[in-house]
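Next up, final-v1.cif (mmCIF, C-alpha atoms):
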data_final
#
loop_
_atom_site.label_atom_id
_atom_site.label_comp_id
_atom_site.auth_asym_id
_atom_site.auth_seq_id
_atom_site.Cartn_x
_atom_site.Cartn_y
_atom_site.Cartn_z
CA MET A 1 7.75 -0.78 19.61
CA ASP A 2 6.52 -3.32 17.07
CA ALA A 3 8.08 -5.73 14.60
CA THR A 4 7.82 -3.32 11.71
CA THR A 5 10.00 -0.80 13.52
CA VAL A 6 12.36 -3.07 15.49
CA PHE A 7 13.09 -5.38 12.56
CA LEU A 8 11.75 -4.99 9.03
CA SER A 9 8.51 -4.00 7.34
CA PRO A 10 6.52 -6.92 5.83
CA LYS A 11 7.65 -5.85 2.35
CA GLU A 12 11.29 -5.78 3.47
CA MET A 13 10.88 -9.15 5.15
CA SER A 14 9.67 -10.64 1.88
CA GLN A 15 12.65 -9.17 0.04
CA PHE A 16 14.95 -10.53 2.75
CA LEU A 17 13.56 -14.04 2.27
CA ASP A 18 13.87 -13.73 -1.51
CA TYR A 19 17.55 -12.86 -1.19
CA GLY A 20 18.02 -15.76 1.24
CA LEU A 21 16.58 -18.22 -1.25
CA MET A 22 18.63 -16.71 -4.06
CA GLY A 23 21.79 -17.08 -1.95
CA PHE A 24 20.98 -20.68 -1.13
CA GLY A 25 20.37 -21.41 -4.82
CA ALA A 26 23.68 -19.80 -5.76
CA PHE A 27 25.43 -21.88 -3.11
CA CYS A 28 23.96 -25.10 -4.52
CA VAL A 29 25.11 -24.11 -8.01
CA LEU A 30 28.59 -23.41 -6.63
CA VAL A 31 28.78 -26.86 -4.96
CA PHE A 32 27.61 -28.59 -8.13
CA ALA A 33 30.13 -26.68 -10.26
CA PHE A 34 32.98 -27.53 -7.89
CA LEU A 35 32.11 -31.23 -7.93
CA ILE A 36 32.17 -31.25 -11.73
CA PHE A 37 35.47 -29.33 -11.71
CA THR A 38 36.99 -31.83 -9.26
CA MET A 39 35.97 -34.83 -11.33
CA MET A 40 37.30 -33.27 -14.53
CA THR A 41 40.67 -32.14 -13.13
CA LYS A 42 41.50 -34.68 -10.43
CA LYS A 43 43.97 -36.61 -12.57
CA ALA A 44 45.41 -33.57 -14.34
CA VAL A 45 46.17 -31.42 -11.28
CA LYS A 46 48.95 -32.01 -8.77
CA SER A 47 47.90 -33.29 -5.36
CA GLU A 48 49.24 -30.12 -3.66
CA THR A 49 47.08 -27.95 -5.89
CA MET A 50 44.05 -30.16 -5.30
CA THR A 51 44.62 -29.89 -1.54
CA ILE A 52 44.63 -26.08 -1.80
CA LEU A 53 41.44 -26.15 -3.87
CA ASN A 54 39.76 -28.48 -1.39
CA ARG A 55 40.65 -26.19 1.52
CA PHE A 56 39.41 -23.18 -0.41
CA PHE A 57 36.16 -24.98 -1.11
CA ILE A 58 35.77 -25.91 2.56
CA LEU A 59 36.32 -22.24 3.50
CA VAL A 60 33.67 -21.11 1.02
CA LEU A 61 31.34 -23.83 2.34
CA VAL A 62 31.78 -22.61 5.93
CA ILE A 63 31.19 -18.96 4.95
CA PHE A 64 28.07 -19.68 2.90
CA GLY A 65 26.76 -22.13 5.48
CA SER A 66 27.21 -19.59 8.27
CA MET A 67 25.48 -16.88 6.24
CA PHE A 68 22.52 -19.12 5.44
CA ALA A 69 22.26 -20.26 9.09
CA PHE A 70 22.28 -16.62 10.23
CA ALA A 71 19.61 -15.72 7.68
CA TYR A 72 17.45 -18.63 8.82
CA LEU A 73 17.76 -17.69 12.51
CA GLU A 74 16.99 -14.05 11.72
CA MET A 75 13.93 -15.13 9.75
CA GLN A 76 12.70 -17.23 12.67
CA THR A 77 13.21 -14.30 15.06
CA VAL A 78 11.27 -11.92 12.84
CA SER A 79 8.51 -14.48 12.27
CA ALA A 80 8.12 -15.02 16.01
CA ARG A 81 7.96 -11.26 16.62
CA VAL A 82 5.34 -10.85 13.88
CA THR A 83 3.20 -13.55 15.52
CA GLU A 84 3.45 -11.75 18.86
CA ASP A 85 2.49 -8.44 17.26
CA ILE A 86 -0.53 -9.97 15.51
CA VAL A 87 -1.88 -11.04 18.90
CA LYS A 88 -1.07 -7.63 20.42
CA TYR A 89 -2.75 -5.66 17.61
CA GLU A 90 -5.79 -7.94 17.61
CA ASN A 91 -6.25 -7.25 21.35
CA GLN A 92 -5.82 -3.50 20.79
CA ALA A 93 -8.32 -3.59 17.90
CA ASP A 94 -10.90 -5.39 20.09
CA GLU A 95 -10.44 -2.89 22.92
CA LEU A 96 -10.73 0.05 20.52
CA ALA A 97 -13.90 -1.38 18.95
CA GLU A 98 -15.44 -1.75 22.41
CA THR A 99 -14.50 1.84 23.28
CA ILE A 100 -16.02 3.19 20.06
CA SER A 101 -19.23 1.19 20.60
CA LYS A 102 -19.49 2.50 24.16
CA LEU A 103 -19.01 6.13 23.06
CA GLU A 104 -21.58 5.70 20.27
CA LEU A 105 -24.12 4.56 22.87
CA GLU A 106 -23.26 7.65 24.92
CA GLY A 107 -24.17 9.83 21.93
CA TRP A 108 -20.76 10.92 20.67
CA SER A 109 -20.85 12.28 17.12
CA ASP A 110 -18.91 10.94 14.11
CA ALA A 111 -16.74 14.06 14.23
CA ASP A 112 -15.85 13.37 17.89
CA LEU A 113 -15.05 9.75 17.10
CA ALA A 114 -13.07 10.49 13.91
CA GLN A 115 -9.63 10.10 15.48
CA LEU A 116 -10.56 6.81 17.15
CA ARG A 117 -11.95 5.46 13.88
CA ASN A 118 -8.80 6.59 12.11
CA ALA A 119 -6.72 4.65 14.66
CA GLN A 120 -9.01 1.67 14.12
CA THR A 121 -8.35 1.76 10.37
CA THR A 122 -4.59 2.09 10.91
CA LEU A 123 -4.60 -0.94 13.21
CA ALA A 124 -6.62 -2.92 10.68
CA GLY A 125 -4.08 -2.03 7.98
CA LYS A 126 -1.16 -3.21 10.14
CA LEU A 127 -2.95 -6.45 10.92
CA ARG A 128 -3.61 -7.11 7.24
CA GLU A 129 0.05 -6.64 6.37
CA LEU A 130 1.32 -8.76 9.28
CA ASN A 131 -1.17 -11.54 8.54
CA ARG A 132 -0.17 -11.52 4.87
CA TYR A 133 3.44 -12.05 5.91
CA ALA A 134 2.55 -14.72 8.48
CA GLU A 135 0.55 -16.57 5.81
CA GLY A 136 3.56 -16.59 3.48
CA ALA A 137 2.63 -13.75 1.11
CA THR A 138 5.77 -12.54 -0.64
CA GLU A 139 4.33 -10.20 -3.26
CA ASP A 140 2.56 -6.87 -3.09
CA PRO A 141 -1.16 -7.05 -3.91
CA GLN A 142 -2.07 -6.16 -7.47
CA LEU A 143 -3.62 -2.79 -8.20
CA LEU A 144 -7.08 -2.89 -9.71
CA LYS A 145 -5.62 -1.35 -12.89
CA ASP A 146 -3.74 -4.61 -13.45
CA THR A 147 -6.83 -6.82 -13.20
CA GLU A 148 -9.74 -7.51 -15.51
CA PRO A 149 -11.84 -5.73 -16.62
CA TYR A 150 -9.90 -2.59 -15.69
CA ALA A 151 -6.65 -3.52 -17.44
CA ALA A 152 -8.20 -3.00 -20.88
CA MET A 153 -9.69 0.40 -20.02
CA SER A 154 -8.27 3.86 -20.58
CA THR A 155 -7.43 5.86 -17.44
CA PRO A 156 -10.64 7.97 -17.53
CA GLU A 157 -12.80 4.87 -17.99
CA ARG A 158 -10.93 3.13 -15.18
CA LEU A 159 -11.41 6.04 -12.76
CA VAL A 160 -15.17 6.06 -13.32
CA ALA A 161 -15.51 2.27 -13.22
CA ILE A 162 -13.49 1.86 -10.02
CA GLY A 163 -15.21 4.83 -8.39
CA LYS A 164 -18.65 3.34 -9.13
CA THR A 165 -17.75 0.06 -7.43
CA LYS A 166 -17.67 1.96 -4.12
CA LEU A 167 -21.04 3.69 -4.44
CA GLY A 168 -22.91 3.40 -1.14
CA THR A 169 -19.82 2.76 1.01
CA PRO A 170 -19.75 4.96 4.14
CA TYR A 171 -18.32 8.45 4.51
CA LEU A 172 -16.46 9.51 7.65
CA TRP A 173 -14.64 12.82 7.91
CA SER A 174 -10.85 12.81 8.42
CA LEU A 175 -10.45 9.03 8.14
CA GLN A 176 -7.24 7.85 6.46
CA ALA A 177 -7.79 5.25 3.74
CA VAL A 178 -5.50 2.31 2.99
CA LEU A 179 -4.40 3.13 -0.57
CA PRO A 180 -2.77 -0.21 -1.53
CA ASP A 181 -5.71 -2.31 -0.25
CA THR A 182 -7.70 -3.41 -3.31
CA THR A 183 -10.59 -4.63 -1.13
CA TYR A 184 -10.94 -1.52 1.05
CA ASP A 185 -14.60 -0.47 1.38
CA GLY A 186 -14.32 2.61 3.56
CA PRO A 187 -15.24 4.47 5.53
CA TRP A 188 -13.49 7.40 3.85
CA ASP A 189 -13.74 11.11 3.47
CA ASN A 190 -13.76 13.02 0.18
CA SER A 191 -10.01 13.34 -0.36
CA GLU A 192 -9.12 9.83 0.85
CA PHE A 193 -11.69 8.29 -1.49
CA MET A 194 -10.17 10.13 -4.43
CA GLY A 195 -6.63 9.20 -3.37
CA TRP A 196 -7.61 5.52 -3.21
CA VAL A 197 -9.37 5.53 -6.60
CA VAL A 198 -6.48 7.34 -8.33
CA TYR A 199 -3.91 4.98 -6.82
CA GLN A 200 -5.89 1.88 -7.77
CA ALA A 201 -6.54 3.22 -11.28
CA THR A 202 -3.06 4.52 -12.10
CA GLY A 203 -0.58 3.38 -9.44
CA ASN A 204 0.25 7.03 -8.63
CA VAL A 205 -0.13 8.70 -5.23
CA MET A 206 -1.89 12.01 -5.85
CA GLY A 207 -3.49 14.55 -3.55
CA CYS A 208 -1.63 12.92 -0.63
CA LEU A 209 1.54 13.64 1.34
CA PRO A 210 4.01 12.07 1.72
CA LYS A 211 4.00 10.32 -1.67
CA ASP A 212 3.99 6.92 -0.04
CA PRO A 213 0.87 4.76 -0.45
CA GLU A 214 1.43 3.10 2.93
CA ILE A 215 1.40 6.31 4.99
CA GLY A 216 0.28 9.09 2.61
CA ASP A 217 -2.43 11.32 4.10
CA CYS A 218 -4.82 12.73 1.49
CA TYR A 219 -6.19 16.28 1.60
CA THR A 220 -8.00 18.37 -1.00
CA GLY A 221 -5.44 21.16 -0.53
CA HIS A 222 -2.65 18.82 -1.70
CA TRP A 223 -4.20 18.85 -5.18
CA ALA A 224 -2.83 22.40 -5.57
CA GLY A 225 0.48 20.83 -6.60
CA GLU A 226 -1.00 18.22 -8.93
CA PRO A 227 -0.86 16.55 -11.39
CA GLY A 228 2.94 16.90 -11.70
CA ASN A 229 4.21 14.44 -14.32
CA ASN A 230 1.11 12.26 -14.03
CA GLY A 231 -1.15 14.33 -16.28
CA VAL A 232 -2.07 17.88 -17.25
CA ARG A 233 -4.09 20.63 -15.63
CA GLN A 234 -7.22 21.51 -17.58
CA SER A 235 -9.99 24.10 -17.46
CA VAL A 236 -13.16 23.57 -15.46
CA ASP A 237 -15.17 23.50 -18.70
CA TRP A 238 -13.01 20.62 -19.95
CA GLY A 239 -13.49 18.76 -16.67
CA LEU A 240 -17.27 19.18 -16.68
CA ALA A 241 -17.51 17.86 -20.23
CA SER A 242 -15.00 14.99 -19.86
CA GLU A 243 -15.97 11.69 -18.25
CA GLY A 244 -13.13 10.60 -15.97
CA GLY A 245 -11.71 14.09 -15.48
CA ILE A 246 -10.84 15.08 -11.90
CA LEU A 247 -12.68 18.18 -10.68
CA ILE A 248 -10.87 20.20 -7.98
CA ARG A 249 -12.09 22.84 -5.53
CA LEU A 250 -9.26 23.95 -3.26
CA PRO A 251 -10.04 24.72 0.40
CA MET A 252 -9.74 28.27 1.71
CA PRO A 253 -10.49 28.00 5.44
CA ALA A 254 -10.03 31.74 6.03
CA GLU A 255 -12.92 32.41 3.65
CA GLY A 256 -15.03 29.52 4.93
CA LYS A 257 -14.53 27.64 1.66
CA GLY A 258 -14.30 23.87 1.93
CA GLY A 259 -12.38 21.72 -0.50
CA LYS A 260 -13.88 19.15 -2.82
CA VAL A 261 -12.58 16.65 -5.35
CA GLY A 262 -14.64 14.40 -7.59
CA ILE A 263 -14.63 12.22 -10.71
CA SER A 264 -16.55 13.90 -13.53
CA LEU A 265 -19.26 11.97 -15.37
CA GLY A 266 -19.13 14.42 -18.26
CA ASP A 267 -22.55 15.95 -17.63
CA GLY A 268 -21.81 18.13 -14.60
CA ARG A 269 -22.41 15.34 -12.12
CA PHE A 270 -19.51 13.69 -10.29
CA ILE A 271 -18.62 10.74 -8.03
CA GLU A 272 -17.52 11.69 -4.51
CA ALA A 273 -17.49 10.58 -0.90
CA SER A 274 -20.09 12.99 0.39
CA ARG A 275 -20.38 14.50 3.84
CA ALA A 276 -23.98 15.43 3.03
CA GLY A 277 -25.01 11.91 2.02
CA LYS A 278 -22.50 10.23 4.35
CA GLN A 279 -21.59 7.81 1.57
CA VAL A 280 -19.90 7.53 -1.80
CA GLN A 281 -22.48 8.80 -4.28
CA ILE A 282 -23.10 10.52 -7.58
CA SER A 283 -23.70 14.18 -6.76
CA ASP A 284 -25.54 16.79 -8.80
CA ALA A 285 -23.82 19.51 -10.80
CA ARG A 286 -22.52 22.55 -8.89
CA LEU A 287 -23.18 26.18 -9.69
CA GLU A 288 -20.85 28.01 -12.07
CA GLY A 289 -17.66 29.13 -10.34
CA TYR A 290 -17.73 26.30 -7.79
CA TRP A 291 -14.73 24.38 -9.18
CA ASP A 292 -11.22 25.85 -9.46
CA PHE A 293 -9.68 23.61 -12.13
CA ALA A 294 -9.65 20.08 -13.54
CA VAL A 295 -6.95 17.44 -13.92
CA GLN A 296 -6.52 15.02 -16.82
CA LEU A 297 -4.54 11.96 -15.74
CA ASN A 298 -2.23 10.02 -18.03
#

Represent the structure contained in this file as structure tokens.
Amino acid sequence: MDATTVFLSPKEMSQFLDYGLMGFGAFCVLVFAFLIFTMMTKKAVKSETMTILNRFFILVLVIFGSMFAFAYLEMQTVSARVTEDIVKYENQADELAETISKLELEGWSDADLAQLRNAQTTLAGKLRELNRYAEGATEDPQLLKDTEPYAAMSTPERLVAIGKTKLGTPYLWSLQAVLPDTTYDGPWDNSEFMGWVVYQATGNVMGCLPKDPEIGDCYTGHWAGEPGNNGVRQSVDWGLASEGGILIRLPMPAEGKGGKVGISLGDGRFIEASRAGKQVQISDARLEGYWDFAVQLN
């Protein structure tokens, strides 16, 4: 078991520290207020009453002091466990990289190595989060939609612009992307690439289940239930003619039909993570009847 399951997730740890600081600040304000009250009322209040107030204040001081001491000790325990887990995960990541390199030399295919690469990406994601906490990060990373130049763009423009920044990054079937990671450069498969772009462009988890950016697994079939409240379903003709529209082809394994999802460029072409090209690329238009529907995001 690791620190994120035994204790708290990095995000929860940050919130815990925030509340600790808020409590300490409130305690300082309380002490200051009591000192002012004492100076203002010392001559006007009977000694018996002042004694009661002093004892009450001491009781409050002990309670708050104990709570803060407990919070500090808990923080130190969690921090120590995080440091231990960073070392553990780094060792596991090195061993996994060596195993993958060895199997590549033995001629194993990308499809055979997909699960190992997926585990490698998951480990890398855990290490990023734990290192962010260990380095004192207390805020979630910004989405690309909140940064320049994307903040001033409409959603369709943002989808295309963000998608184009990843042209040439590697494709790998069945690999799970890290949706909240603004710097992630793959590898990814078709659905994970789209899930990452949509999340970075809008802040919404789409085409992935569960609807949690930390653990959501993206799949073209999950687009059957989209866009929900995050947009409207449109015709294929609209999608082909609209730059930034999402083009959807749902998988039908029983009929040998594979799924596909891409960002329309408005001329029939679309941005995708391509199995054929083994990279994120701009692909040529498909024959009529290829796509099932389109999605227009808010």

Exercise for the section: Using all atoms listed in the file, pick whichever of A:Met194, A:Ala93, A:Val178, A:Ala201 has the shortest atom-to-atom distance to Ala151 (chain A). Expected result: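 Of A:Met194, A:Ala93, A:Val178, A:Ala201, the one nearest Ala151 (chain A) is A:Ala201, counting all atoms listed in the file.
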
Handout entry: Selection: 9 Å around Gly268 (chain A), all atoms listed in the file, excl. self and same-chain fewer than 6 positions, as an MDAnalysis selection string
Key = chainID A and resid 239:241 283:286

Practice task
Tell me which residues the PyMOL selection byres ((chain A and resi 244) around 12) grabs here, as a PyMOL selection string.
Solution key: chain A and resi 153-164+194+197-198+201+238-243+245-247+262-271+294-298

Practice task
Run the PyMOL selection byres ((chain A and resi 275) around 12) on the file and write out the hits as a ChimeraX atom specification.
Solution key: /A:110-111,170-174,187-191,193,258-260,272-274,276-281,283

Exercise for the section: Between CA of Tyr199 (chain A) and CA of Thr220 (chain A), measure the distance and give it in Å to one decimal. Expected result: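 Atom-to-atom, CA of Tyr199 (chain A) and CA of Thr220 (chain A) are spaced 15.2 Å apart.
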
Practice task
Determine the nearest neighbour of Val87 (chain A) from the options A:Ile282, A:Leu179, A:Leu167, A:Leu130, counting all atoms listed in the file.
Solution key: A:Leu130

Handout entry: Separation of CA of Ile248 (chain A) from CA of Trp223 (chain A), in Å and rounded to one decimal
Key = 7.4 Å

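Candidate residues A:Ala254, A:Leu144, A:Ile100, A:Ala114 were compared for distance to Tyr184 (chain A), and the nearest is A:Leu144, using only C-alpha atoms.
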
Problem - Separation of CA of Thr182 (chain A) from CA of Glu84 (chain A) in Å - result: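 So the two atoms, CA of Glu84 (chain A) and CA of Thr182 (chain A), lie 26.2 Å apart.
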
Problem - Nearest residue to Lys145 (chain A) from the set A:Gly289, A:Gly203, A:Pro180, A:Gly228 (distances using all atoms listed in the file) - result: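 Closest to Lys145 (chain A) of all the choices is A:Gly203.
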
Exercise for the section: Starting from the point (-1.3, 19.7, -1.4), work out which residues of protein, DNA or RNA have an atom no more than 10 Å away when counting all atoms listed in the file; state them as a PyMOL selection string. Expected result: chain A and resi 206-210+218-226+250

Any chance you could export the current selection's C-alpha atoms as a PDB file, in the coordinates of the input?
ATOM      1  CA  MET A 206      -1.890  12.010  -5.850  1.00  0.00           C
ATOM      2  CA  GLY A 207      -3.490  14.550  -3.550  1.00  0.00           C
ATOM      3  CA  CYS A 208      -1.630  12.920  -0.630  1.00  0.00           C
ATOM      4  CA  LEU A 209       1.540  13.640   1.340  1.00  0.00           C
ATOM      5  CA  PRO A 210       4.010  12.070   1.720  1.00  0.00           C
ATOM      6  CA  CYS A 218      -4.820  12.730   1.490  1.00  0.00           C
ATOM      7  CA  TYR A 219      -6.190  16.280   1.600  1.00  0.00           C
ATOM      8  CA  THR A 220      -8.000  18.370  -1.000  1.00  0.00           C
ATOM      9  CA  GLY A 221      -5.440  21.160  -0.530  1.00  0.00           C
ATOM     10  CA  HIS A 222      -2.650  18.820  -1.700  1.00  0.00           C
ATOM     11  CA  TRP A 223      -4.200  18.850  -5.180  1.00  0.00           C
ATOM     12  CA  ALA A 224      -2.830  22.400  -5.570  1.00  0.00           C
ATOM     13  CA  GLY A 225       0.480  20.830  -6.600  1.00  0.00           C
ATOM     14  CA  GLU A 226      -1.000  18.220  -8.930  1.00  0.00           C
ATOM     15  CA  LEU A 250      -9.260  23.950  -3.260  1.00  0.00           C
TER      16      LEU A 250
END

Problem - Residue with smallest distance to Leu96 (chain A) - pool A:Ile52, A:Asp112, A:Ala124, A:Arg81, counting all atoms listed in the file - result: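 For Leu96 (chain A), the nearest of the given residues is A:Ala124.
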
Exercise for the section: Take the PyMOL selection byres ((chain A and resi 292) around 6), apply it to the structure above, and return the hits as a list of chain:residue names. Expected result: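 With the PyMOL selection byres ((chain A and resi 292) around 6) on this model, the match is A:Ile248, A:Arg249, A:Trp291, A:Phe293.
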
Would you kindly place all heavy atoms on region 106-117 of chain A and return the model as a PDB file, keeping the file's coordinate frame?
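Contents of rebuild31.pdb, as written:
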ATOM      1  N   GLU A 106     -23.185   6.442  24.081  1.00  0.00           N
ATOM      2  CA  GLU A 106     -23.260   7.650  24.920  1.00  0.00           C
ATOM      3  C   GLU A 106     -23.599   8.897  24.087  1.00  0.00           C
ATOM      4  O   GLU A 106     -23.693   9.994  24.630  1.00  0.00           O
ATOM      5  CB  GLU A 106     -21.929   7.867  25.635  1.00  0.00           C
ATOM      6  CG  GLU A 106     -21.635   6.784  26.671  1.00  0.00           C
ATOM      7  CD  GLU A 106     -20.278   6.974  27.333  1.00  0.00           C
ATOM      8  OE1 GLU A 106     -19.588   7.961  26.993  1.00  0.00           O
ATOM      9  OE2 GLU A 106     -19.915   6.147  28.197  1.00  0.00           O
ATOM     10  N   GLY A 107     -23.729   8.728  22.764  1.00  0.00           N
ATOM     11  CA  GLY A 107     -24.170   9.830  21.930  1.00  0.00           C
ATOM     12  C   GLY A 107     -23.067  10.664  21.300  1.00  0.00           C
ATOM     13  O   GLY A 107     -23.326  11.767  20.810  1.00  0.00           O
ATOM     14  N   TRP A 108     -21.839  10.167  21.307  1.00  0.00           N
ATOM     15  CA  TRP A 108     -20.760  10.920  20.670  1.00  0.00           C
ATOM     16  C   TRP A 108     -20.984  10.962  19.165  1.00  0.00           C
ATOM     17  O   TRP A 108     -21.424   9.991  18.551  1.00  0.00           O
ATOM     18  CB  TRP A 108     -19.412  10.247  20.971  1.00  0.00           C
ATOM     19  CG  TRP A 108     -18.936  10.462  22.382  1.00  0.00           C
ATOM     20  CD1 TRP A 108     -19.672  10.344  23.525  1.00  0.00           C
ATOM     21  CD2 TRP A 108     -17.617  10.824  22.784  1.00  0.00           C
ATOM     22  NE1 TRP A 108     -18.903  10.606  24.631  1.00  0.00           N
ATOM     23  CE2 TRP A 108     -17.630  10.899  24.212  1.00  0.00           C
ATOM     24  CE3 TRP A 108     -16.439  11.070  22.119  1.00  0.00           C
ATOM     25  CZ2 TRP A 108     -16.498  11.222  24.955  1.00  0.00           C
ATOM     26  CZ3 TRP A 108     -15.303  11.392  22.858  1.00  0.00           C
ATOM     27  CH2 TRP A 108     -15.346  11.479  24.255  1.00  0.00           C
ATOM     28  N   SER A 109     -20.650  12.100  18.559  1.00  0.00           N
ATOM     29  CA  SER A 109     -20.850  12.280  17.120  1.00  0.00           C
ATOM     30  C   SER A 109     -19.726  11.633  16.316  1.00  0.00           C
ATOM     31  O   SER A 109     -18.666  11.305  16.858  1.00  0.00           O
ATOM     32  CB  SER A 109     -20.923  13.770  16.772  1.00  0.00           C
ATOM     33  OG  SER A 109     -19.661  14.381  16.992  1.00  0.00           O
ATOM     34  N   ASP A 110     -19.958  11.486  14.994  1.00  0.00           N
ATOM     35  CA  ASP A 110     -18.910  10.940  14.110  1.00  0.00           C
ATOM     36  C   ASP A 110     -17.671  11.821  14.133  1.00  0.00           C
ATOM     37  O   ASP A 110     -16.543  11.324  14.075  1.00  0.00           O
ATOM     38  CB  ASP A 110     -19.442  10.832  12.674  1.00  0.00           C
ATOM     39  CG  ASP A 110     -20.408   9.664  12.516  1.00  0.00           C
ATOM     40  OD1 ASP A 110     -20.410   8.784  13.394  1.00  0.00           O
ATOM     41  OD2 ASP A 110     -21.151   9.630  11.522  1.00  0.00           O
ATOM     42  N   ALA A 111     -17.892  13.138  14.211  1.00  0.00           N
ATOM     43  CA  ALA A 111     -16.740  14.060  14.230  1.00  0.00           C
ATOM     44  C   ALA A 111     -15.907  13.844  15.500  1.00  0.00           C
ATOM     45  O   ALA A 111     -14.675  13.868  15.455  1.00  0.00           O
ATOM     46  CB  ALA A 111     -17.238  15.505  14.165  1.00  0.00           C
ATOM     47  N   ASP A 112     -16.577  13.610  16.634  1.00  0.00           N
ATOM     48  CA  ASP A 112     -15.850  13.370  17.890  1.00  0.00           C
ATOM     49  C   ASP A 112     -15.092  12.047  17.853  1.00  0.00           C
ATOM     50  O   ASP A 112     -14.026  11.910  18.457  1.00  0.00           O
ATOM     51  CB  ASP A 112     -16.833  13.352  19.067  1.00  0.00           C
ATOM     52  CG  ASP A 112     -17.449  14.726  19.333  1.00  0.00           C
ATOM     53  OD1 ASP A 112     -16.781  15.725  19.022  1.00  0.00           O
ATOM     54  OD2 ASP A 112     -18.587  14.777  19.825  1.00  0.00           O
ATOM     55  N   LEU A 113     -15.653  11.082  17.136  1.00  0.00           N
ATOM     56  CA  LEU A 113     -15.050   9.750  17.100  1.00  0.00           C
ATOM     57  C   LEU A 113     -14.079   9.566  15.943  1.00  0.00           C
ATOM     58  O   LEU A 113     -13.506   8.484  15.787  1.00  0.00           O
ATOM     59  CB  LEU A 113     -16.158   8.695  16.971  1.00  0.00           C
ATOM     60  CG  LEU A 113     -17.086   8.540  18.180  1.00  0.00           C
ATOM     61  CD1 LEU A 113     -18.240   7.610  17.841  1.00  0.00           C
ATOM     62  CD2 LEU A 113     -16.321   8.001  19.379  1.00  0.00           C
ATOM     63  N   ALA A 114     -13.868  10.620  15.134  1.00  0.00           N
ATOM     64  CA  ALA A 114     -13.070  10.490  13.910  1.00  0.00           C
ATOM     65  C   ALA A 114     -11.663   9.971  14.176  1.00  0.00           C
ATOM     66  O   ALA A 114     -11.172   9.085  13.482  1.00  0.00           O
ATOM     67  CB  ALA A 114     -13.007  11.834  13.177  1.00  0.00           C
ATOM     68  N   GLN A 115     -10.997  10.516  15.203  1.00  0.00           N
ATOM     69  CA  GLN A 115      -9.630  10.100  15.480  1.00  0.00           C
ATOM     70  C   GLN A 115      -9.563   8.637  15.923  1.00  0.00           C
ATOM     71  O   GLN A 115      -8.646   7.898  15.547  1.00  0.00           O
ATOM     72  CB  GLN A 115      -8.993  10.996  16.535  1.00  0.00           C
ATOM     73  CG  GLN A 115      -8.662  12.389  16.026  1.00  0.00           C
ATOM     74  CD  GLN A 115      -7.877  13.187  17.047  1.00  0.00           C
ATOM     75  OE1 GLN A 115      -7.905  12.880  18.232  1.00  0.00           O
ATOM     76  NE2 GLN A 115      -7.171  14.205  16.593  1.00  0.00           N
ATOM     77  N   LEU A 116     -10.544   8.210  16.719  1.00  0.00           N
ATOM     78  CA  LEU A 116     -10.560   6.810  17.150  1.00  0.00           C
ATOM     79  C   LEU A 116     -10.807   5.885  15.964  1.00  0.00           C
ATOM     80  O   LEU A 116     -10.193   4.820  15.865  1.00  0.00           O
ATOM     81  CB  LEU A 116     -11.647   6.603  18.208  1.00  0.00           C
ATOM     82  CG  LEU A 116     -11.394   7.239  19.586  1.00  0.00           C
ATOM     83  CD1 LEU A 116     -12.558   6.973  20.516  1.00  0.00           C
ATOM     84  CD2 LEU A 116     -10.103   6.688  20.194  1.00  0.00           C
ATOM     85  N   ARG A 117     -11.688   6.285  15.056  1.00  0.00           N
ATOM     86  CA  ARG A 117     -11.950   5.460  13.880  1.00  0.00           C
ATOM     87  C   ARG A 117     -10.723   5.422  12.964  1.00  0.00           C
ATOM     88  O   ARG A 117     -10.451   4.406  12.312  1.00  0.00           O
ATOM     89  CB  ARG A 117     -13.167   5.988  13.120  1.00  0.00           C
ATOM     90  CG  ARG A 117     -14.483   5.858  13.877  1.00  0.00           C
ATOM     91  CD  ARG A 117     -15.666   6.196  12.981  1.00  0.00           C
ATOM     92  NE  ARG A 117     -16.906   6.233  13.711  1.00  0.00           N
ATOM     93  CZ  ARG A 117     -17.627   5.154  14.046  1.00  0.00           C
ATOM     94  NH1 ARG A 117     -17.183   3.962  13.724  1.00  0.00           N
ATOM     95  NH2 ARG A 117     -18.761   5.278  14.700  1.00  0.00           N
TER      96      ARG A 117
END
